[in-house]
Amino acid sequence: MLQINIIRENPKEIIDRLAIKNFKAEVLVEKIILLDSKRREVQGKLDNNLAESNSIAKEIGVLFQSGKKEEANTLKARTAELKTITKELSESLQLTEKELNDTLVLLPNLPHPSIPKGKGAEDNLVVLEDGLIPQLAENAVPHWDLAIKYGIIDFETGVKITGAGFPVYKGKGARLQRALINFFLDNAVENGYAETQPPFVVNEDSAYATGQLPDKEGQMYHCGLDNLYLIPTAEVPVTNIYRDMIVRGDTLPLKNTAYSACFRREAGSYGKDVRGLNRLHQFDKVEIVQITHPEKSYNTLEEMKDYVAGLLRKLELPFRIVKLCGGDMSFASAWTYDMEVFSAAQQKWLEVSSVSNFETFQANRLKLRFRDGESKPQLAHTLNGSALALPRIVAALLENNQTAEGIRIPKALIPYTGFELIN
RNA sequence: GGAGAGAUGGCAGAGUGGUCGAAUGCGGCGGUCUCGAAAACCGUUGUUCGUCGUAAGAUGGACCGGGGGUUCGAAUCCCCCUCUCUCCGCCA
């Protein structure tokens, strides 16, 4: 959520910058400015009313104690009038505030000034390509066929026990999952991220604070009986650790990593994009989260980007990094890098990580602030990224490393898997 | 699932319906003392929204889990909700 004072001070700039995200903000901004000034006007009146009521109440108290009942009763008559006005005003204030807030949450985050305008994925900027794209043998097959061939991922049994998008990993497939999770966590810890095990289910407040609610409700699995949501990413519980907090400035940056299963309804997805491991309802991911000082967040973004690139190099996967254009960026992000791995049998780039700086957009809803010395609390910046999401990594590993003897495990991973070959 | 207790400032913990944003202790910050530190002593110590001000600040409002109500006046009384804790039951 954007801060109201920024909108109040530079409405024109807000509109222009949101246009980069192909978002037409004129009407909303106008409405917000109007509601904001109404809010302040009403609040001023209400405050004056309450001030008068308060002072009369005090007078009455004094009069009662000195036994001047009649005078007290005269004053009571006046407070009755004030009371009606106060009630009206505070109802009006509540309504205005709610409407203002409801409108405010509709505005996406401002893209960083360096973000190019663009319609969609085709306008993203490739900032780095790394690794060699393997030349596969004639008879190379996509990962869903390899999964069956080696008996490591069982999609059909997943359908039986749950439904499509919930595969069962078996044998070396399951072992590979566990190896990747440990590999990613160990790397993150070595890089200064504090390992965390958050709940996989969150309450409404948390889902709201990180922006899943109110608008992306349909993307999450909901436990109606307890009104809890299955997390779509560890970002939600991990970032919420810091909800409603004012931290000391010298404790920044706060760095956390967490493994979690992620649950996504993926309503509306269909077709060949969902084949095999490409898009699942439940998947595993290791997430990295940082809370930083506003002045340092863009250095941090680069650092996180490089960190993820390092992981992909260790896995010996060909990848590219794209800087998303305005049109392809998420609602809450100010700057996003996507990391895409080349899956050689599918001949496709698969997104395996997304690293974003949200600046104060999330912190504002989270009420996550820091204080430098004695100064006023100030909103922190939040960043997060996948490091990494497993299914597409597995897809690429299987496809790119297929040989006549079996699937070769990258060197860095062998200590974790305990085997060099899936055969 | 059953029974009970509770929710107050960073923490602990008081608070006959009026002068309570809230005692006290701890912690934090500043100072005195000291070569320095500890101890002791003194002072200070929340968030948020208006208005005025370039600012420092001044001033008014709100906030004692959340929401309603009673009252001239609510941390204090009433109702609803949420959460936490204890005991019993069940159980990884």
# chains A, B, ... in the order shown; residues from 1 in each chain; ligands from 1

$ interface_residues --of "chain A" --to "chain B" --cutoff "10 Å" --atoms "only C-alpha atoms (C1' of nucleotides)" --output "PyMOL selection string"
chain A and resi 39-51+53-62+64-65+72-80+373-374+377

$ residues_around --residues "Gln94 (chain A)" --least-positions-apart "3" --cutoff "12 Å" --atoms "only C-alpha atoms (C1' of nucleotides)" --output "list in words"
Leu35, Lys38, Arg39, Arg40, Val42, Gln43, Leu46, Lys87, Glu88, Leu89, Ser90, Glu91, Glu97, Lys98, Glu99, Leu100 and Asn101 of chain A

$ select_by_dssp --residues "region 142-373 of chain A" --states "helix (DSSP H, G or I)" --output "ChimeraX atom specification"
/A:143-149,155-161,172-190,204-209,217-219,235-240,249-251,271-274,294-314,326-328,361-366

$ residues_around --residues "region 362-367 of chain A" --least-positions-apart "3" --cutoff "8 Å" --atoms "only C-alpha atoms (C1' of nucleotides)" --output "ChimeraX atom specification"
/A:1-3,208-211,240,242-245,332,358-359,379-382

$ atom_distance --atom1 "CA of Ile422 (chain A)" --atom2 "CA of Gly151 (chain A)"
9.7 Å

$ closest_residue --among "B:A38, B:C64, B:U44, B:G57" --to "G15 (chain B)" --atoms "only C-alpha atoms (C1' of nucleotides)"
B:C64

$ atom_distance --atom1 "CA of Leu93 (chain A)" --atom2 "CA of Val29 (chain A)"
19.4 Å

$ atom_distance --atom1 "CA of Met339 (chain A)" --atom2 "CA of Asn109 (chain A)"
21.3 Å

$ residues_around --residues "Lys21 (chain A)" --least-positions-apart "3" --cutoff "8 Å" --atoms "only C-alpha atoms (C1' of nucleotides)" --output "list in words"
Arg17, Leu18, Pro111, Lys117, Gly118, Cys325, Gly326, Gly327, Asp328 and Met329 of chain A

$ residues_around --residues "Val352 (chain A)" --least-positions-apart "4" --cutoff "8 Å" --atoms "only C-alpha atoms (C1' of nucleotides)" --output "PyMOL selection string"
chain A and resi 338-341+386+388-390+392-393

$ closest_residue --among "A:Thr336, A:Thr239, A:Ser297, A:Gln135" --to "Ile321 (chain A)" --atoms "only C-alpha atoms"
A:Thr336

$ closest_residue --among "A:Thr196, A:Ser333, A:Gln219, A:Asn256" --to "Phe361 (chain A)" --atoms "only C-alpha atoms"
A:Ser333

$ select_by_dssp --residues "region 239-388 of chain A" --states "strand (DSSP E or B)" --output "JSON, numbers by chain"
{"A": [245, 246, 247, 248, 254, 255, 256, 257, 258, 259, 260, 261, 262, 263, 282, 283, 284, 285, 286, 287, 288, 289, 290, 291, 292, 319, 320, 321, 322, 323, 335, 336, 337, 338, 339, 340, 341, 342, 343, 348, 349, 350, 351, 352, 353, 354, 355, 356, 357, 358, 359, 368, 369, 370, 371, 378, 379, 381, 382, 383, 384, 385, 386, 387, 388]}

$ write_last_selection --atoms "C-alpha atoms" --output "PDB file, in the first residue's frame"
ATOM      1  CA  MET A 245       7.334  -4.010  14.829  1.00  0.00           C
ATOM      2  CA  ILE A 246       9.662  -1.090  15.301  1.00  0.00           C
ATOM      3  CA  VAL A 247      13.174  -2.458  15.133  1.00  0.00           C
ATOM      4  CA  ARG A 248      16.390  -0.726  15.972  1.00  0.00           C
ATOM      5  CA  LEU A 254      17.298  -8.611   8.909  1.00  0.00           C
ATOM      6  CA  LYS A 255      17.900 -11.698   6.823  1.00  0.00           C
ATOM      7  CA  ASN A 256      15.778 -14.821   6.976  1.00  0.00           C
ATOM      8  CA  THR A 257      15.530 -17.969   4.985  1.00  0.00           C
ATOM      9  CA  ALA A 258      12.899 -20.651   5.189  1.00  0.00           C
ATOM     10  CA  TYR A 259      11.922 -23.812   3.467  1.00  0.00           C
ATOM     11  CA  SER A 260       8.231 -24.353   3.021  1.00  0.00           C
ATOM     12  CA  ALA A 261       5.781 -26.271   1.005  1.00  0.00           C
ATOM     13  CA  CYS A 262       3.796 -23.789  -1.075  1.00  0.00           C
ATOM     14  CA  PHE A 263       0.168 -24.169  -1.974  1.00  0.00           C
ATOM     15  CA  GLN A 282       1.868 -27.930  -4.026  1.00  0.00           C
ATOM     16  CA  PHE A 283       5.575 -27.451  -4.374  1.00  0.00           C
ATOM     17  CA  ASP A 284       8.682 -26.927  -2.317  1.00  0.00           C
ATOM     18  CA  LYS A 285      10.626 -23.751  -2.115  1.00  0.00           C
ATOM     19  CA  VAL A 286      13.360 -22.124  -0.119  1.00  0.00           C
ATOM     20  CA  GLU A 287      12.748 -18.434   0.264  1.00  0.00           C
ATOM     21  CA  ILE A 288      15.065 -15.601   1.255  1.00  0.00           C
ATOM     22  CA  VAL A 289      13.722 -12.442   2.851  1.00  0.00           C
ATOM     23  CA  GLN A 290      15.468  -9.247   3.810  1.00  0.00           C
ATOM     24  CA  ILE A 291      14.337  -6.201   5.737  1.00  0.00           C
ATOM     25  CA  THR A 292      16.624  -3.297   4.975  1.00  0.00           C
ATOM     26  CA  PHE A 319      19.944 -19.597 -17.030  1.00  0.00           C
ATOM     27  CA  ARG A 320      19.153 -16.047 -17.803  1.00  0.00           C
ATOM     28  CA  ILE A 321      18.097 -13.160 -15.643  1.00  0.00           C
ATOM     29  CA  VAL A 322      15.455 -10.786 -16.837  1.00  0.00           C
ATOM     30  CA  LYS A 323      14.522  -7.443 -15.434  1.00  0.00           C
ATOM     31  CA  TRP A 335      11.704  -3.829  -9.218  1.00  0.00           C
ATOM     32  CA  THR A 336      11.788  -7.522 -10.034  1.00  0.00           C
ATOM     33  CA  TYR A 337      14.341  -9.859 -11.497  1.00  0.00           C
ATOM     34  CA  ASP A 338      13.188 -13.208 -12.755  1.00  0.00           C
ATOM     35  CA  MET A 339      15.600 -16.072 -13.048  1.00  0.00           C
ATOM     36  CA  GLU A 340      14.798 -18.525 -15.796  1.00  0.00           C
ATOM     37  CA  VAL A 341      16.380 -21.855 -16.363  1.00  0.00           C
ATOM     38  CA  PHE A 342      16.549 -23.432 -19.791  1.00  0.00           C
ATOM     39  CA  SER A 343      14.828 -26.770 -19.884  1.00  0.00           C
ATOM     40  CA  LYS A 348      11.672 -23.528 -22.812  1.00  0.00           C
ATOM     41  CA  TRP A 349      12.799 -20.974 -20.286  1.00  0.00           C
ATOM     42  CA  LEU A 350      11.234 -21.794 -16.945  1.00  0.00           C
ATOM     43  CA  GLU A 351      10.938 -19.250 -14.180  1.00  0.00           C
ATOM     44  CA  VAL A 352      12.579 -20.636 -11.068  1.00  0.00           C
ATOM     45  CA  SER A 353      13.026 -17.515  -9.021  1.00  0.00           C
ATOM     46  CA  SER A 354      11.718 -14.032  -8.699  1.00  0.00           C
ATOM     47  CA  VAL A 355      13.608 -11.501  -6.626  1.00  0.00           C
ATOM     48  CA  SER A 356      11.841  -8.263  -5.788  1.00  0.00           C
ATOM     49  CA  ASN A 357      12.226  -5.070  -3.896  1.00  0.00           C
ATOM     50  CA  PHE A 358       8.909  -3.907  -2.489  1.00  0.00           C
ATOM     51  CA  GLU A 359      10.384  -0.794  -0.940  1.00  0.00           C
ATOM     52  CA  LEU A 368       7.166  -2.670   9.868  1.00  0.00           C
ATOM     53  CA  ARG A 369       9.380   0.197  10.886  1.00  0.00           C
ATOM     54  CA  PHE A 370      12.804   0.947  12.204  1.00  0.00           C
ATOM     55  CA  ARG A 371      14.248   3.742  14.238  1.00  0.00           C
ATOM     56  CA  GLN A 378      10.374   5.070   9.539  1.00  0.00           C
ATOM     57  CA  LEU A 379       9.094   2.360   7.220  1.00  0.00           C
ATOM     58  CA  HIS A 381      12.117  -1.794   2.883  1.00  0.00           C
ATOM     59  CA  THR A 382      11.275  -5.435   2.311  1.00  0.00           C
ATOM     60  CA  LEU A 383      12.742  -7.729  -0.317  1.00  0.00           C
ATOM     61  CA  ASN A 384      12.354 -11.353  -1.051  1.00  0.00           C
ATOM     62  CA  GLY A 385      13.209 -13.993  -3.551  1.00  0.00           C
ATOM     63  CA  SER A 386      13.035 -17.676  -4.219  1.00  0.00           C
ATOM     64  CA  ALA A 387      16.293 -19.440  -3.667  1.00  0.00           C
ATOM     65  CA  LEU A 388      14.978 -21.592  -5.137  1.00  0.00           C
TER      66      LEU A 388
END

$ closest_residue --among "A:Ile161, A:Ala396, A:Leu413, A:Leu63" --to "Leu311 (chain A)" --atoms "only C-alpha atoms"
A:Leu413

$ closest_residue --among "A:Leu228, A:Leu277, A:Val238, A:Leu110" --to "Ala194 (chain A)" --atoms "only C-alpha atoms"
A:Val238

$ residues_around --residues "region 1-14 of chain B" --least-positions-apart "6" --cutoff "7 Å" --atoms "only C-alpha atoms (C1' of nucleotides)" --output "JSON, numbers by chain"
{"B": [23, 46, 64, 65, 75]}

$ decode --residues "region 67-82 of chain B" --atoms "N, CA and C atoms (P, O5', C5', C4', C3', O3' and C1' of nucleotides)" --output "JSON list (two decimals), in the first residue's frame"
[["chain", "number", "residue", "atom", "x", "y", "z"],
["B", 67, "G", "P", -11.59, -1.50, 18.11],
["B", 67, "G", "O5'", -13.07, -2.08, 17.98],
["B", 67, "G", "C5'", -13.55, -2.53, 16.71],
["B", 67, "G", "C4'", -14.94, -3.09, 16.87],
["B", 67, "G", "C3'", -15.93, -2.19, 17.58],
["B", 67, "G", "O3'", -16.42, -1.16, 16.73],
["B", 67, "G", "C1'", -16.13, -4.37, 18.43],
["B", 68, "G", "P", -17.21, 0.06, 17.41],
["B", 68, "G", "O5'", -18.48, -0.70, 17.97],
["B", 68, "G", "C5'", -19.69, 0.00, 18.16],
["B", 68, "G", "C4'", -20.70, -0.94, 18.76],
["B", 68, "G", "C3'", -21.43, -0.35, 19.94],
["B", 68, "G", "O3'", -22.46, 0.53, 19.54],
["B", 68, "G", "C1'", -20.68, -2.50, 20.51],
["B", 69, "G", "P", -22.50, 1.98, 20.22],
["B", 69, "G", "O5'", -23.12, 1.65, 21.64],
["B", 69, "G", "C5'", -24.39, 0.99, 21.71],
["B", 69, "G", "C4'", -24.60, 0.42, 23.08],
["B", 69, "G", "C3'", -24.69, 1.40, 24.22],
["B", 69, "G", "O3'", -25.93, 2.06, 24.25],
["B", 69, "G", "C1'", -23.41, -0.46, 24.88],
["B", 70, "U", "P", -26.06, 3.52, 24.86],
["B", 70, "U", "O5'", -25.90, 3.24, 26.42],
["B", 70, "U", "C5'", -26.91, 2.55, 27.15],
["B", 70, "U", "C4'", -26.53, 2.45, 28.60],
["B", 70, "U", "C3'", -26.19, 3.77, 29.26],
["B", 70, "U", "O3'", -27.37, 4.46, 29.68],
["B", 70, "U", "C1'", -24.53, 2.18, 29.81],
["B", 71, "U", "P", -27.55, 5.99, 29.30],
["B", 71, "U", "O5'", -26.42, 6.68, 30.16],
["B", 71, "U", "C5'", -26.48, 6.65, 31.58],
["B", 71, "U", "C4'", -25.22, 7.23, 32.16],
["B", 71, "U", "C3'", -24.84, 8.60, 31.61],
["B", 71, "U", "O3'", -25.58, 9.64, 32.23],
["B", 71, "U", "C1'", -22.93, 7.21, 31.70],
["B", 72, "C", "P", -26.14, 10.82, 31.34],
["B", 72, "C", "O5'", -24.81, 11.58, 30.90],
["B", 72, "C", "C5'", -24.87, 12.63, 29.93],
["B", 72, "C", "C4'", -23.60, 13.43, 30.00],
["B", 72, "C", "C3'", -22.33, 12.61, 30.04],
["B", 72, "C", "O3'", -21.93, 12.22, 28.74],
["B", 72, "C", "C1'", -22.25, 14.25, 31.72],
["B", 73, "G", "P", -21.41, 10.75, 28.50],
["B", 73, "G", "O5'", -20.09, 10.73, 29.37],
["B", 73, "G", "C5'", -18.94, 11.43, 28.90],
["B", 73, "G", "C4'", -17.83, 11.32, 29.90],
["B", 73, "G", "C3'", -17.38, 9.92, 30.24],
["B", 73, "G", "O3'", -16.47, 9.43, 29.27],
["B", 73, "G", "C1'", -17.64, 11.15, 32.23],
["B", 74, "A", "P", -16.46, 7.89, 28.86],
["B", 74, "A", "O5'", -15.06, 7.36, 29.37],
["B", 74, "A", "C5'", -14.57, 7.44, 30.66],
["B", 74, "A", "C4'", -13.92, 6.11, 30.98],
["B", 74, "A", "C3'", -13.65, 5.22, 29.78],
["B", 74, "A", "O3'", -12.46, 4.46, 30.00],
["B", 74, "A", "C1'", -15.15, 4.15, 31.25],
["B", 75, "A", "P", -11.06, 4.94, 29.64],
["B", 75, "A", "O5'", -10.13, 3.67, 29.88],
["B", 75, "A", "C5'", -10.22, 2.54, 29.02],
["B", 75, "A", "C4'", -9.81, 1.29, 29.74],
["B", 75, "A", "C3'", -10.81, 0.79, 30.77],
["B", 75, "A", "O3'", -11.73, -0.09, 30.18],
["B", 75, "A", "C1'", -8.63, 0.89, 31.72],
["B", 76, "U", "P", -13.22, -0.23, 30.70],
["B", 76, "U", "O5'", -13.09, -0.41, 32.29],
["B", 76, "U", "C5'", -12.89, -1.69, 32.88],
["B", 76, "U", "C4'", -12.74, -1.49, 34.36],
["B", 76, "U", "C3'", -14.07, -1.28, 35.11],
["B", 76, "U", "O3'", -14.18, -2.23, 36.15],
["B", 76, "U", "C1'", -12.51, 0.46, 35.61],
["B", 77, "C", "P", -14.91, -3.61, 35.86],
["B", 77, "C", "O5'", -16.42, -3.17, 35.67],
["B", 77, "C", "C5'", -17.28, -3.04, 36.79],
["B", 77, "C", "C4'", -18.70, -2.81, 36.30],
["B", 77, "C", "C3'", -19.12, -3.68, 35.12],
["B", 77, "C", "O3'", -19.55, -4.96, 35.55],
["B", 77, "C", "C1'", -19.70, -1.44, 34.68],
["B", 78, "C", "P", -19.36, -6.21, 34.61],
["B", 78, "C", "O5'", -20.52, -5.98, 33.54],
["B", 78, "C", "C5'", -21.89, -6.06, 33.92],
["B", 78, "C", "C4'", -22.75, -5.87, 32.69],
["B", 78, "C", "C3'", -22.39, -6.77, 31.52],
["B", 78, "C", "O3'", -22.95, -8.06, 31.65],
["B", 78, "C", "C1'", -22.64, -4.56, 30.75],
["B", 79, "C", "P", -22.18, -9.32, 30.99],
["B", 79, "C", "O5'", -22.52, -9.14, 29.44],
["B", 79, "C", "C5'", -23.85, -9.30, 28.97],
["B", 79, "C", "C4'", -23.90, -9.00, 27.48],
["B", 79, "C", "C3'", -22.93, -9.81, 26.63],
["B", 79, "C", "O3'", -23.44, -11.10, 26.35],
["B", 79, "C", "C1'", -22.83, -7.53, 26.00],
["B", 80, "C", "P", -22.39, -12.31, 26.13],
["B", 80, "C", "O5'", -21.84, -12.02, 24.66],
["B", 80, "C", "C5'", -22.70, -12.12, 23.52],
["B", 80, "C", "C4'", -22.00, -11.63, 22.29],
["B", 80, "C", "C3'", -20.67, -12.30, 21.99],
["B", 80, "C", "O3'", -20.83, -13.56, 21.35],
["B", 80, "C", "C1'", -20.42, -9.97, 21.79],
["B", 81, "C", "P", -19.70, -14.69, 21.58],
["B", 81, "C", "O5'", -18.49, -14.15, 20.70],
["B", 81, "C", "C5'", -18.65, -13.97, 19.29],
["B", 81, "C", "C4'", -17.45, -13.26, 18.71],
["B", 81, "C", "C3'", -16.11, -13.94, 18.97],
["B", 81, "C", "O3'", -15.87, -14.99, 18.05],
["B", 81, "C", "C1'", -15.92, -11.64, 19.45],
["B", 82, "U", "P", -14.92, -16.21, 18.47],
["B", 82, "U", "O5'", -13.47, -15.53, 18.46],
["B", 82, "U", "C5'", -12.91, -15.05, 17.24],
["B", 82, "U", "C4'", -11.62, -14.33, 17.53],
["B", 82, "U", "C3'", -10.59, -15.14, 18.30],
["B", 82, "U", "O3'", -9.86, -16.00, 17.45],
["B", 82, "U", "C1'", -10.77, -13.00, 19.27]]
